[in-house]
>>> print(open('data.cif').read())   # mmCIF, C-alpha atoms
data_my_file
loop_
_atom_site.label_atom_id
_atom_site.label_comp_id
_atom_site.auth_asym_id
_atom_site.auth_seq_id
_atom_site.Cartn_x
_atom_site.Cartn_y
_atom_site.Cartn_z
CA MET A 19 103.11 134.66 126.46
CA ALA A 20 100.67 132.72 128.62
CA ASN A 21 99.65 133.16 132.21
CA THR A 22 101.28 130.48 134.33
CA ILE A 23 98.53 130.63 136.98
CA LEU A 24 95.78 128.56 135.46
CA SER A 25 92.26 127.66 136.43
CA SER A 26 92.04 124.11 137.71
CA GLY A 27 89.34 123.44 135.16
CA TYR A 28 91.85 123.82 132.37
CA ARG A 29 94.61 121.67 133.73
CA VAL A 30 95.52 118.53 131.83
CA LEU A 31 93.88 115.55 133.35
CA LEU A 32 97.12 114.39 134.93
CA ALA A 33 96.30 114.13 138.62
CA ALA A 34 95.48 110.48 138.21
CA LEU A 35 98.78 109.97 136.46
CA LEU A 36 101.01 111.04 139.34
CA LEU A 37 102.16 107.51 140.04
CA PHE A 38 105.91 107.57 139.80
CA CYS A 39 106.15 104.06 138.64
CA SER A 40 109.08 102.73 136.71
CA LEU A 41 108.00 102.03 133.19
CA PRO A 42 110.06 99.73 131.00
CA ALA A 43 109.28 101.85 127.95
CA SER A 44 111.28 104.98 127.21
CA ALA A 45 108.13 107.02 126.63
CA ALA A 46 104.56 107.26 127.80
CA TRP A 47 101.31 108.75 126.59
CA VAL A 48 99.68 111.80 128.12
CA THR A 49 96.27 113.18 127.16
CA ASP A 50 95.30 116.83 127.08
CA ALA A 51 91.83 116.63 128.67
CA LYS A 52 90.64 119.85 127.07
CA THR A 53 91.39 118.90 123.48
CA SER A 54 91.71 115.09 123.75
CA ARG A 55 94.98 115.38 121.84
CA GLN A 56 97.66 112.92 122.85
CA TYR A 57 101.34 113.55 123.28
CA THR A 58 104.25 111.17 123.56
CA VAL A 59 106.52 111.97 126.47
CA PRO A 60 109.74 110.41 127.81
CA LEU A 61 110.13 109.49 131.45
CA GLY A 62 111.38 112.45 133.42
CA THR A 63 109.91 114.82 136.00
CA PRO A 64 106.38 114.86 137.43
CA CYS A 65 103.26 115.29 135.33
CA ALA A 66 102.14 118.06 137.69
CA ASP A 67 104.34 120.46 135.76
CA ALA A 68 102.23 120.04 132.63
CA GLU A 69 99.24 122.30 132.26
CA VAL A 70 96.67 123.38 129.69
CA ASP A 71 96.70 127.07 128.85
CA LYS A 72 93.30 128.05 127.44
CA SER A 73 94.20 131.71 127.15
CA ALA A 74 96.86 130.98 124.56
CA THR A 75 96.43 128.03 122.24
CA GLY A 76 94.91 125.35 124.42
CA ALA A 77 98.07 123.31 123.99
CA VAL A 78 99.89 121.37 126.64
CA ARG A 79 102.54 123.53 128.28
CA TYR A 80 105.56 122.53 130.33
CA ARG A 81 107.02 125.23 132.55
CA ASN A 82 105.32 127.84 130.35
CA VAL A 83 106.78 126.41 127.13
CA GLU A 84 104.24 125.19 124.58
CA VAL A 85 104.61 121.58 123.54
CA LYS A 86 103.31 120.55 120.13
CA PRO A 87 101.78 117.14 119.32
CA GLY A 88 104.43 114.51 118.72
CA VAL A 89 107.17 116.53 120.41
CA ALA A 90 108.81 114.91 123.43
CA VAL A 91 108.59 116.82 126.71
CA PRO A 92 110.54 116.07 129.90
CA PHE A 93 107.96 114.99 132.44
CA ARG A 94 106.94 111.63 133.82
CA CYS A 95 103.46 110.16 133.57
CA LYS A 96 101.89 106.85 134.25
CA GLN A 97 101.50 105.17 130.90
CA ALA A 98 98.01 105.83 129.58
CA ALA A 99 96.22 104.02 126.80
CA SER A 100 97.39 104.58 123.26
CA PRO A 101 94.93 106.07 120.76
CA PRO A 102 92.29 103.54 119.73
CA GLY A 103 93.63 101.01 117.25
CA VAL A 104 97.26 102.08 117.48
CA THR A 105 99.73 99.26 117.90
CA PRO A 106 102.84 100.89 119.39
CA ALA A 107 105.64 100.70 116.87
CA GLY A 108 107.49 103.83 117.76
CA TYR A 109 109.73 104.15 114.73
CA ALA A 110 112.44 106.69 115.42
CA VAL A 111 115.54 108.24 113.90
CA LYS A 112 118.77 108.32 115.86
CA ALA A 113 122.07 109.54 114.42
CA GLY A 114 120.79 109.15 110.89
CA LYS A 115 119.55 105.58 111.33
CA ILE A 116 116.02 104.25 111.72
CA PHE A 117 114.99 102.07 114.65
CA ASP A 118 111.84 100.24 115.68
CA ALA A 119 110.24 100.33 119.13
CA ALA A 120 112.47 97.52 120.35
CA GLY A 121 115.57 99.50 119.45
CA GLN A 122 116.45 97.32 116.48
CA GLU A 123 117.78 99.08 113.40
CA VAL A 124 115.41 99.00 110.42
CA HIS A 125 116.91 98.39 107.00
CA LEU A 126 114.78 99.83 104.20
CA ARG A 127 115.75 97.88 101.12
CA GLY A 128 112.95 99.61 99.29
CA ILE A 129 111.06 99.37 96.03
CA SER A 130 108.19 101.49 94.72
CA HIS A 131 105.08 99.74 93.47
CA HIS A 132 102.73 102.11 91.69
CA GLY A 133 99.17 101.75 90.44
CA PHE A 134 96.93 102.85 93.32
CA ASN A 135 97.74 106.39 92.17
CA GLY A 136 96.84 105.78 88.51
CA SER A 137 93.74 105.51 86.40
CA GLY A 138 92.94 101.96 87.53
CA LEU A 139 93.49 102.71 91.25
CA GLN A 140 95.02 99.27 91.72
CA PRO A 141 98.50 97.72 91.63
CA GLN A 142 100.16 97.54 88.24
CA ASN A 143 100.40 94.37 86.17
CA LEU A 144 97.45 92.46 87.56
CA TRP A 145 96.73 91.34 84.01
CA ASN A 146 99.44 88.70 84.42
CA GLN A 147 100.24 88.59 88.15
CA ASN A 148 98.45 87.89 91.41
CA TRP A 149 98.63 90.84 93.79
CA GLN A 150 99.56 88.83 96.89
CA LYS A 151 102.28 87.04 94.94
CA GLN A 152 103.65 90.39 93.80
CA ILE A 153 104.32 91.27 97.42
CA ALA A 154 105.84 87.86 98.07
CA HIS A 155 108.05 88.18 94.97
CA MET A 156 109.40 91.54 96.10
CA LYS A 157 110.31 89.95 99.42
CA GLU A 158 111.94 86.96 97.69
CA LEU A 159 114.12 89.33 95.68
CA GLY A 160 115.47 90.82 98.91
CA PHE A 161 113.35 93.92 99.28
CA SER A 162 112.18 94.67 102.81
CA ALA A 163 110.07 97.78 102.18
CA ILE A 164 107.52 98.99 99.64
CA ARG A 165 106.73 102.61 98.83
CA LEU A 166 103.09 102.70 97.74
CA PRO A 167 101.80 105.82 95.95
CA PHE A 168 98.16 106.82 96.41
CA VAL A 169 95.92 109.79 95.58
CA PRO A 170 92.61 111.13 96.97
CA ASP A 171 90.73 109.09 94.34
CA THR A 172 92.13 105.97 96.02
CA LEU A 173 90.28 106.89 99.20
CA TYR A 174 86.98 108.12 97.76
CA ALA A 175 86.29 106.51 94.38
CA PRO A 176 83.38 104.05 94.30
CA ALA A 177 83.62 100.48 93.18
CA SER A 178 83.63 100.04 89.42
CA ALA A 179 84.33 97.37 86.84
CA ARG A 180 88.01 96.50 87.04
CA GLU A 181 89.97 96.71 83.83
CA TYR A 182 93.34 95.12 83.11
CA VAL A 183 92.87 92.45 85.77
CA ASP A 184 93.06 88.72 85.14
CA ALA A 185 90.12 87.58 87.26
CA ARG A 186 91.48 84.03 87.37
CA LEU A 187 94.70 85.28 88.98
CA ASN A 188 92.93 87.83 91.17
CA PRO A 189 89.50 86.43 92.05
CA ASP A 190 89.19 88.37 95.29
CA VAL A 191 89.21 91.97 94.04
CA ALA A 192 86.01 92.17 92.02
CA GLY A 193 83.50 94.60 93.51
CA LEU A 194 85.97 96.24 95.87
CA THR A 195 86.31 99.99 96.11
CA PRO A 196 89.90 101.20 95.68
CA LEU A 197 90.03 101.87 99.43
CA GLN A 198 88.85 98.35 100.23
CA PHE A 199 91.52 96.99 97.91
CA LEU A 200 94.12 99.23 99.57
CA ASP A 201 93.02 97.91 102.96
CA ARG A 202 93.62 94.34 101.85
CA TRP A 203 96.94 95.22 100.23
CA MET A 204 98.21 96.96 103.37
CA GLU A 205 97.18 94.08 105.60
CA GLU A 206 98.85 91.54 103.32
CA ALA A 207 102.10 93.48 103.04
CA ASP A 208 102.15 93.83 106.82
CA ARG A 209 101.43 90.13 107.25
CA GLN A 210 104.36 89.28 105.00
CA GLY A 211 106.62 91.49 107.10
CA MET A 212 107.21 94.21 104.53
CA TYR A 213 107.67 97.76 105.77
CA ILE A 214 105.15 100.08 104.11
CA LEU A 215 105.71 103.71 103.19
CA LEU A 216 102.56 105.39 101.91
CA ASP A 217 103.31 108.13 99.36
CA PHE A 218 100.77 110.90 98.72
CA HIS A 219 101.56 111.15 95.04
CA SER A 220 99.25 113.81 93.60
CA VAL A 221 95.91 115.54 94.07
CA SER A 222 94.60 113.56 91.10
CA LYS A 223 94.89 110.15 89.50
CA LYS A 224 95.01 111.84 86.09
CA SER A 225 98.27 113.75 86.35
CA GLN A 226 101.21 114.56 88.58
CA TYR A 227 100.27 117.86 90.16
CA PHE A 228 102.98 120.24 91.41
CA HIS A 229 101.79 120.92 94.97
CA PRO A 230 99.36 119.25 97.37
CA PHE A 231 96.33 121.40 96.72
CA VAL A 232 94.50 122.85 93.72
CA THR A 233 92.19 125.84 94.04
CA ASP A 234 92.30 127.20 90.49
CA PRO A 235 89.63 125.50 88.34
CA ASN A 236 91.69 126.07 85.20
CA ASP A 237 94.99 124.65 86.39
CA TYR A 238 94.45 121.52 84.32
CA GLY A 239 91.99 120.40 81.70
CA ALA A 240 88.93 122.33 80.60
CA GLY A 241 88.25 123.89 83.98
CA LYS A 242 85.93 123.15 86.89
CA TRP A 243 88.55 120.98 88.54
CA VAL A 244 88.08 118.19 86.04
CA GLU A 245 90.99 116.26 87.56
CA THR A 246 89.97 116.15 91.22
CA TYR A 247 88.07 113.17 92.55
CA ASN A 248 84.90 115.17 93.26
CA ARG A 249 85.31 117.99 90.70
CA GLN A 250 85.77 120.44 93.55
CA PRO A 251 88.76 122.39 94.83
CA TYR A 252 91.22 120.21 96.72
CA THR A 253 92.55 122.41 99.51
CA SER A 254 95.57 122.10 101.78
CA ALA A 255 93.10 121.26 104.57
CA ASP A 256 91.76 118.39 102.43
CA TRP A 257 95.31 117.15 101.97
CA VAL A 258 95.98 117.19 105.72
CA ARG A 259 92.62 115.47 106.31
CA ASP A 260 93.58 112.63 103.97
CA LEU A 261 97.04 112.24 105.49
CA LYS A 262 95.46 111.95 108.93
CA PHE A 263 92.93 109.49 107.55
CA VAL A 264 95.51 106.99 106.32
CA ALA A 265 97.71 107.54 109.38
CA THR A 266 94.80 106.50 111.59
CA ARG A 267 93.28 103.84 109.36
CA TYR A 268 96.42 101.72 109.19
CA ALA A 269 97.73 102.42 112.69
CA LYS A 270 97.25 98.80 113.73
CA LEU A 271 99.74 97.58 111.14
CA LYS A 272 103.10 96.90 112.75
CA HIS A 273 105.12 97.48 109.56
CA PHE A 274 103.43 100.74 108.54
CA ILE A 275 106.53 102.86 108.99
CA GLY A 276 105.69 106.29 107.60
CA ILE A 277 104.13 108.67 105.11
CA ASP A 278 105.89 110.45 102.26
CA VAL A 279 103.80 113.60 102.52
CA PHE A 280 103.88 114.72 98.87
CA ASN A 281 105.63 113.63 95.71
CA GLU A 282 108.05 115.96 93.89
CA PRO A 283 106.86 119.46 94.85
CA ARG A 284 107.88 121.97 92.18
CA ASP A 285 106.92 124.94 90.00
CA ARG A 286 104.95 127.18 92.38
CA ILE A 287 106.60 125.70 95.47
CA ARG A 288 109.26 127.58 97.41
CA TRP A 289 110.73 126.56 100.76
CA THR A 290 109.25 129.68 102.33
CA THR A 291 107.45 132.54 100.58
CA THR A 292 105.23 135.54 101.16
CA ASP A 293 104.08 135.61 97.54
CA PRO A 294 100.37 134.65 97.39
CA ALA A 295 100.90 133.14 93.95
CA LEU A 296 103.37 130.63 95.41
CA ALA A 297 103.24 128.03 98.16
CA GLY A 298 105.67 127.50 101.03
CA TRP A 299 106.93 123.94 101.37
CA LYS A 300 108.23 124.37 104.93
CA PRO A 301 104.92 125.47 106.50
CA LEU A 302 102.96 122.94 104.46
CA VAL A 303 105.18 120.07 105.58
CA GLU A 304 105.22 121.19 109.21
CA THR A 305 101.42 121.34 109.31
CA ALA A 306 101.16 117.90 107.71
CA ALA A 307 103.71 116.38 110.08
CA SER A 308 101.97 117.77 113.15
CA ALA A 309 98.63 116.33 112.01
CA ILE A 310 100.07 112.92 111.14
CA LEU A 311 101.96 112.56 114.41
CA ALA A 312 98.92 113.63 116.42
CA ALA A 313 96.91 110.93 114.65
CA ASN A 314 99.61 108.25 114.81
CA PRO A 315 102.78 109.12 116.72
CA ASN A 316 104.42 105.84 115.73
CA LEU A 317 105.07 106.97 112.16
CA LEU A 318 108.00 108.64 110.47
CA ILE A 319 107.57 111.71 108.27
CA PHE A 320 109.31 111.44 104.89
CA VAL A 321 110.00 114.79 103.22
CA GLN A 322 111.25 115.36 99.68
CA GLY A 323 113.19 118.32 98.42
CA ILE A 324 111.88 121.03 96.12
CA THR A 325 112.90 122.06 92.63
CA ALA A 326 113.17 125.83 92.83
CA ASN A 327 116.24 127.40 94.39
CA PHE A 328 115.83 129.27 97.65
CA ASP A 329 116.28 133.02 97.99
CA GLY A 330 119.66 133.07 96.27
CA LYS A 331 121.36 131.46 99.26
CA GLU A 332 122.06 128.14 97.60
CA LYS A 333 124.42 126.83 95.02
CA GLN A 334 122.74 126.95 91.62
CA LEU A 335 122.62 123.41 90.23
CA PRO A 336 120.51 121.54 87.68
CA LEU A 337 117.75 119.78 89.58
CA ASN A 338 115.49 116.76 89.45
CA TRP A 339 112.00 117.14 90.85
CA GLY A 340 112.17 116.60 94.62
CA GLU A 341 115.97 116.79 94.80
CA ASN A 342 116.89 120.10 96.42
CA LEU A 343 117.10 120.11 100.22
CA GLN A 344 119.65 122.90 100.54
CA PRO A 345 117.15 125.19 102.33
CA GLN A 346 117.14 122.85 105.32
CA ALA A 347 120.54 124.34 106.19
CA TYR A 348 119.08 127.87 106.36
CA ALA A 349 115.49 127.37 107.47
CA PRO A 350 115.21 123.93 109.09
CA LEU A 351 111.89 122.17 109.36
CA ASN A 352 110.17 122.36 112.73
CA ILE A 353 109.58 118.61 112.89
CA PRO A 354 111.01 116.38 115.65
CA ALA A 355 114.38 115.10 114.42
CA SER A 356 113.47 111.66 115.78
CA LYS A 357 110.55 111.51 113.35
CA LEU A 358 112.03 113.16 110.26
CA VAL A 359 113.42 111.37 107.20
CA PHE A 360 114.65 113.25 104.14
CA ALA A 361 113.66 111.43 100.95
CA PRO A 362 115.14 113.22 97.89
CA HIS A 363 114.57 111.99 94.36
CA SER A 364 117.47 111.74 91.96
CA TYR A 365 117.63 110.37 88.43
CA GLY A 366 120.13 109.99 85.65
CA PRO A 367 119.91 110.66 81.91
CA ASP A 368 117.18 108.08 81.26
CA VAL A 369 114.71 110.40 83.02
CA PHE A 370 116.05 113.94 82.72
CA VAL A 371 119.24 115.10 81.02
CA LYS A 372 121.07 117.62 83.19
CA SER A 373 123.90 119.75 81.89
CA SER A 374 126.17 118.03 84.40
CA PHE A 375 125.76 114.75 82.52
CA SER A 376 127.71 116.11 79.55
CA ALA A 377 130.67 117.33 81.60
CA SER A 378 134.10 116.07 80.61
CA ASN A 379 134.56 114.46 84.05
CA TYR A 380 131.15 112.72 84.11
CA PRO A 381 130.28 110.77 86.25
CA ALA A 382 133.01 111.78 88.73
CA ASN A 383 131.45 115.26 88.94
CA LEU A 384 128.14 113.97 90.32
CA ALA A 385 129.16 113.28 93.93
CA ALA A 386 129.74 116.96 94.70
CA ASP A 387 126.26 117.84 93.47
CA TRP A 388 124.58 115.10 95.53
CA GLU A 389 126.49 116.27 98.58
CA THR A 390 125.35 119.87 98.05
CA LEU A 391 121.71 119.00 97.35
CA PHE A 392 121.03 116.52 100.16
CA GLY A 393 124.11 114.54 101.20
CA PHE A 394 125.16 117.21 103.70
CA LEU A 395 122.21 116.15 105.88
CA SER A 396 123.73 112.72 106.54
CA PRO A 397 124.57 111.31 109.05
CA GLN A 398 123.01 113.88 111.37
CA HIS A 399 119.65 113.11 109.77
CA ALA A 400 118.20 110.05 108.08
CA VAL A 401 118.57 110.43 104.30
CA VAL A 402 116.63 107.79 102.35
CA PRO A 403 116.47 108.49 98.60
CA GLY A 404 112.80 108.01 97.79
CA GLU A 405 113.15 107.47 94.05
CA TRP A 406 116.09 106.67 91.82
CA GLY A 407 116.73 104.29 88.95
CA GLY A 408 116.61 104.03 85.20
CA ARG A 409 116.78 101.53 82.36
CA TYR A 410 120.37 100.66 83.25
CA GLY A 411 121.66 100.20 79.74
CA VAL A 412 118.63 98.57 78.12
CA GLY A 413 117.40 101.33 75.82
CA GLY A 414 117.23 104.89 77.03
CA ALA A 415 120.56 106.65 77.47
CA GLY A 416 122.46 103.37 77.35
CA VAL A 417 125.82 103.25 79.07
CA ASN A 418 125.49 106.80 80.40
CA ASP A 419 122.63 105.69 82.66
CA VAL A 420 124.66 102.70 83.82
CA LYS A 421 127.45 105.11 84.76
CA TRP A 422 124.99 107.30 86.63
CA GLN A 423 123.45 104.48 88.68
CA ASP A 424 126.83 102.92 89.44
CA ALA A 425 128.13 106.30 90.60
CA PHE A 426 125.06 106.94 92.75
CA VAL A 427 125.41 103.59 94.51
CA ALA A 428 129.13 104.17 95.09
CA TRP A 429 128.39 107.60 96.55
CA MET A 430 125.61 106.31 98.82
CA ILE A 431 127.92 103.58 100.12
CA SER A 432 130.64 106.15 100.80
CA LYS A 433 128.12 108.16 102.84
CA GLY A 434 126.83 105.14 104.74
CA ILE A 435 123.41 105.56 103.11
CA ARG A 436 122.15 102.00 102.75
CA ASN A 437 118.39 102.71 102.76
CA SER A 438 116.51 103.82 99.64
CA PHE A 439 113.47 103.12 97.45
CA TYR A 440 114.21 102.09 93.87
CA TRP A 441 111.80 102.94 91.06
CA CYS A 442 110.14 100.52 90.47
CA TYR A 443 108.93 96.91 90.69
CA VAL A 444 107.07 96.56 87.39
CA ASN A 445 105.74 98.46 84.37
CA SER A 446 107.45 101.85 84.17
CA GLY A 447 107.75 103.49 80.77
CA ASP A 448 110.62 105.89 81.43
CA THR A 449 112.84 103.93 83.82
CA GLY A 450 112.08 100.32 83.12
CA ALA A 451 111.61 98.19 86.22
CA ILE A 452 113.01 95.32 88.24
CA VAL A 453 110.55 92.94 86.55
CA ASN A 454 110.26 92.98 82.77
CA ASP A 455 106.99 92.73 80.88
CA ASP A 456 107.61 88.98 80.44
CA LEU A 457 108.07 88.70 84.23
CA THR A 458 111.78 87.97 83.99
CA VAL A 459 113.92 89.76 86.57
CA ARG A 460 116.60 92.32 85.78
CA ASP A 461 119.44 90.48 87.50
CA ASP A 462 121.88 93.28 86.67
CA LYS A 463 119.75 95.79 88.58
CA MET A 464 119.38 93.38 91.49
CA LYS A 465 123.16 92.92 91.62
CA LEU A 466 123.52 96.71 91.78
CA LEU A 467 120.96 96.95 94.58
CA ARG A 468 122.56 94.18 96.61
CA ARG A 469 125.83 96.07 96.40
CA HIS A 470 124.03 99.14 97.70
CA TRP A 471 122.44 97.16 100.53
CA GLY A 472 125.78 95.63 101.52
CA MET A 473 124.66 92.09 100.77
#
>>> encode(input="data.cif", output="structure tokens")
Amino acid sequence: MANTILSSGYRVLLAALLLFCSLPASAAWVTDAKTSRQYTVPLGTPCADAEVDKSATGAVRYRNVEVKPGVAVPFRCKQAASPPGVTPAGYAVKAGKIFDAAGQEVHLRGISHHGFNGSGLQPQNLWNQNWQKQIAHMKELGFSAIRLPFVPDTLYAPASAREYVDARLNPDVAGLTPLQFLDRWMEEADRQGMYILLDFHSVSKKSQYFHPFVTDPNDYGAGKWVETYNRQPYTSADWVRDLKFVATRYAKLKHFIGIDVFNEPRDRIRWTTTDPALAGWKPLVETAASAILAANPNLLIFVQGITANFDGKEKQLPLNWGENLQPQAYAPLNIPASKLVFAPHSYGPDVFVKSSFSASNYPANLAADWETLFGFLSPQHAVVPGEWGGRYGVGGAGVNDVKWQDAFVAWMISKGIRNSFYWCYVNSGDTGAIVNDDLTVRDDKMKLLRRHWGM
């Protein structure tokens, strides 16, 4: 739709890049001089074919085809500088597996560690553990990756007196803002070689909200947005702003692998919708992904499923929050496949009792449901369950939860899905954790996880 004859003033500043040098890397950086946005491009044909089209969107175009940030385009450029502070990591998905910039496969033996998303805005269990040693302990147990939930309060709340912290065990956190503490935590996890997945968990530290923005003052509490960090509406633009903020802030960290863009979208969320009372997950996620990759193209975008069924085109099944990715078959996300990871959540009867759990052929009936909801995406795409777990026979649903977790691991192995994030490291009321309140380790859960990992 754009004119291919462009004024020289609007061309991408690529003339200086027309050095057809052989670069050892498989991709280079190119900068759109008009917008200062940067694009990652593989080695291919000359940069002279890339132009800026002001009359349309101001985006980089290649042979009159618009190229979005983070999307690979087939022209060669001399390698330009990366965005300030970015340490090239270049995590990518190929044939359902995750690789680092050196082409080595990344194994996400993951665990969630919550707390930065809660009322204290700090890691859980600091009343009887040191925070650096928590990270080291997760690594000692065999975990290689940590999913860390956060909320806007984590980024903006001021320093305050820290409660539920043993100051003798954690002498270095007094007086820190939550963001300053998060900075130190991220740097330490990276130093210890742990992959980090940041999870935007909710719009508020006070409750788990159902989509990534809140514009109705009476959605929760007594009105006037009592749950947001600044008692103001939290818009979708605010959400994108905060995703870009963390993508940029931690870009120097080699093991910062990606962002889980929002936790367990549900209720008013549909995959796509024209109803103003609802929100479309597909356009929301695509906007977020574009912003994140423009800010830090090295990252992966982790996307959960929804809860509502989609336009009557899907199989009707009982659902966990974040579990249903069937719409991807009908209306796929416009996110580069090399940057996209599907991260469904699935739980057994300790968390939510589905009708399928009382079937006469339970748990043999579960595999078909998992395949329908998200398993069909593997191995063409990376599927990394972002939350699963339970008490595993200690309280809760007892043996029925053991059957569920055993069946889920067997199914993941059969699919070749060896990456996931278990919920959680410590202090979870509904699922239990890997570490008990007395700091003993659930060896039975670890045995299950090692089977899943293939160790």
>>> residues_around(input="data.cif", residues="A:Ile277", least_positions_apart="3", cutoff="9 Å", atoms="only C-alpha atoms", output="MDAnalysis selection string")
chainID A and resid 214:218 261 264:265 274 280 310 317:321
>>> resolve_selection(input="data.cif", expression="the PyMOL selection byres ((chain A and resi 163) around 6)", output="short mmCIF file (atom, residue, chain, number, x, y, z; two decimals) with C-alpha atoms, keeping the file's coordinate frame")
data_model
loop_
_atom_site.label_atom_id
_atom_site.label_comp_id
_atom_site.auth_asym_id
_atom_site.auth_seq_id
_atom_site.Cartn_x
_atom_site.Cartn_y
_atom_site.Cartn_z
CA LEU A 126 114.78 99.83 104.20
CA ARG A 127 115.75 97.88 101.12
CA GLY A 128 112.95 99.61 99.29
CA PHE A 161 113.35 93.92 99.28
CA SER A 162 112.18 94.67 102.81
CA ILE A 164 107.52 98.99 99.64
CA MET A 212 107.21 94.21 104.53
CA TYR A 213 107.67 97.76 105.77
CA ILE A 214 105.15 100.08 104.11
#
>>> closest_atom_pairs(input="data.cif", of="stretch 117-226 of chain A", to="stretch 444-456 of chain A", cutoff="12 Å", atoms="all atoms listed in the file", output="CSV")
residue,atom,partner,partner_atom,distance
A:Gly128,CA,A:Ile452,CA,11.9
A:Ile129,CA,A:Ile452,CA,9.0
A:Ser130,CA,A:Val444,CA,8.9
A:His131,CA,A:Val444,CA,7.1
A:His132,CA,A:Val444,CA,8.3
A:Gly133,CA,A:Asn445,CA,9.5
A:Pro141,CA,A:Val444,CA,9.6
A:Gln142,CA,A:Asn445,CA,6.9
A:Asn143,CA,A:Asn445,CA,7.0
A:Leu144,CA,A:Val444,CA,10.5
A:Trp145,CA,A:Asp455,CA,10.8
A:Asn146,CA,A:Asp456,CA,9.1
A:Gln147,CA,A:Val444,CA,10.5
A:Gln152,CA,A:Val444,CA,9.5
A:Ile153,CA,A:Val444,CA,11.7
A:His155,CA,A:Val453,CA,10.0
A:Met156,CA,A:Ile452,CA,9.4
A:Leu159,CA,A:Ile452,CA,9.6
A:Gly160,CA,A:Ile452,CA,11.8
A:Phe161,CA,A:Ile452,CA,11.1
>>> atom_distance(input="data.cif", atom1="atom CA of A:Gly298", atom2="atom CA of A:Pro170")
21.3 Å
>>> closest_atom_pairs(input="data.cif", of="stretch 188-291 of chain A", to="stretch 353-363 of chain A", cutoff="10 Å", atoms="all atoms listed in the file", output="tab-separated table")
residue	atom	partner	partner_atom	distance
A:Gly276	CA	A:Lys357	CA	9.2
A:Ile277	CA	A:Val359	CA	9.9
A:Asp278	CA	A:Ala361	CA	7.9
A:Asn281	CA	A:His363	CA	9.2
A:Glu282	CA	A:His363	CA	7.6
>>> resolve_selection(input="data.cif", expression="the PyMOL selection byres ((chain A and resi 260) around 12)", output="PyMOL selection string")
chain A and resi 168-174+216-218+220-221+230-231+252-259+261-267+277+279-280+306+309-310+313
>>> residues_around(input="data.cif", residues="A:Tyr348", least_positions_apart="3", cutoff="9 Å", atoms="all atoms listed in the file", output="list of chain:residue names")
A:Lys331, A:Gln344, A:Pro345
>>> residues_around(input="data.cif", residues="stretch 425-434 of chain A", least_positions_apart="4", cutoff="10 Å", atoms="all atoms listed in the file", output="VMD selection string")
chain A and resid 114 to 115 364 to 366 380 to 386 388 to 389 393 to 394 396 to 397 401 to 403 406 to 407 419 to 421 438 466 to 467 469 to 472
>>> axis_aligned_box(input="data.cif", around="stretch 375-389 of chain A", padding_each_side="5 Å", output="JSON")
{"center_x": 129.6, "center_y": 114.3, "center_z": 89.1, "size_x": 20.0, "size_y": 17.1, "size_z": 29.0}
>>> closest_residue(input="data.cif", among="A:His125, A:His229, A:Arg409, A:Lys272", to="A:Asp285", atoms="all atoms listed in the file")
A:His229
>>> build_atoms(input="data.cif", residues="stretch 383-393 of chain A", atoms="N, CA and C atoms", output="compact mmCIF listing (two decimals), keeping the file's coordinate frame")
# COMPACT_ATOMS: atom_id res chain seq x y z
N ASN A 383 131.92 113.95 88.48
CA ASN A 383 131.45 115.26 88.94
C ASN A 383 130.14 115.19 89.73
N LEU A 384 129.48 114.05 89.73
CA LEU A 384 128.14 113.97 90.32
C LEU A 384 128.15 114.01 91.83
N ALA A 385 129.16 113.42 92.46
CA ALA A 385 129.16 113.28 93.93
C ALA A 385 129.08 114.64 94.62
N ALA A 386 129.77 115.63 94.09
CA ALA A 386 129.74 116.96 94.70
C ALA A 386 128.34 117.55 94.66
N ASP A 387 127.62 117.32 93.57
CA ASP A 387 126.26 117.84 93.47
C ASP A 387 125.33 117.14 94.47
N TRP A 388 125.42 115.83 94.57
CA TRP A 388 124.58 115.10 95.53
C TRP A 388 124.86 115.57 96.95
N GLU A 389 126.13 115.80 97.24
CA GLU A 389 126.49 116.27 98.58
C GLU A 389 125.87 117.64 98.86
N THR A 390 125.90 118.52 97.88
CA THR A 390 125.35 119.87 98.05
C THR A 390 123.83 119.84 98.18
N LEU A 391 123.17 119.00 97.40
CA LEU A 391 121.71 119.00 97.35
C LEU A 391 121.07 118.33 98.55
N PHE A 392 121.65 117.22 99.03
CA PHE A 392 121.03 116.52 100.16
C PHE A 392 122.01 115.71 100.98
N GLY A 393 123.17 115.38 100.46
CA GLY A 393 124.11 114.54 101.20
C GLY A 393 124.62 115.18 102.46
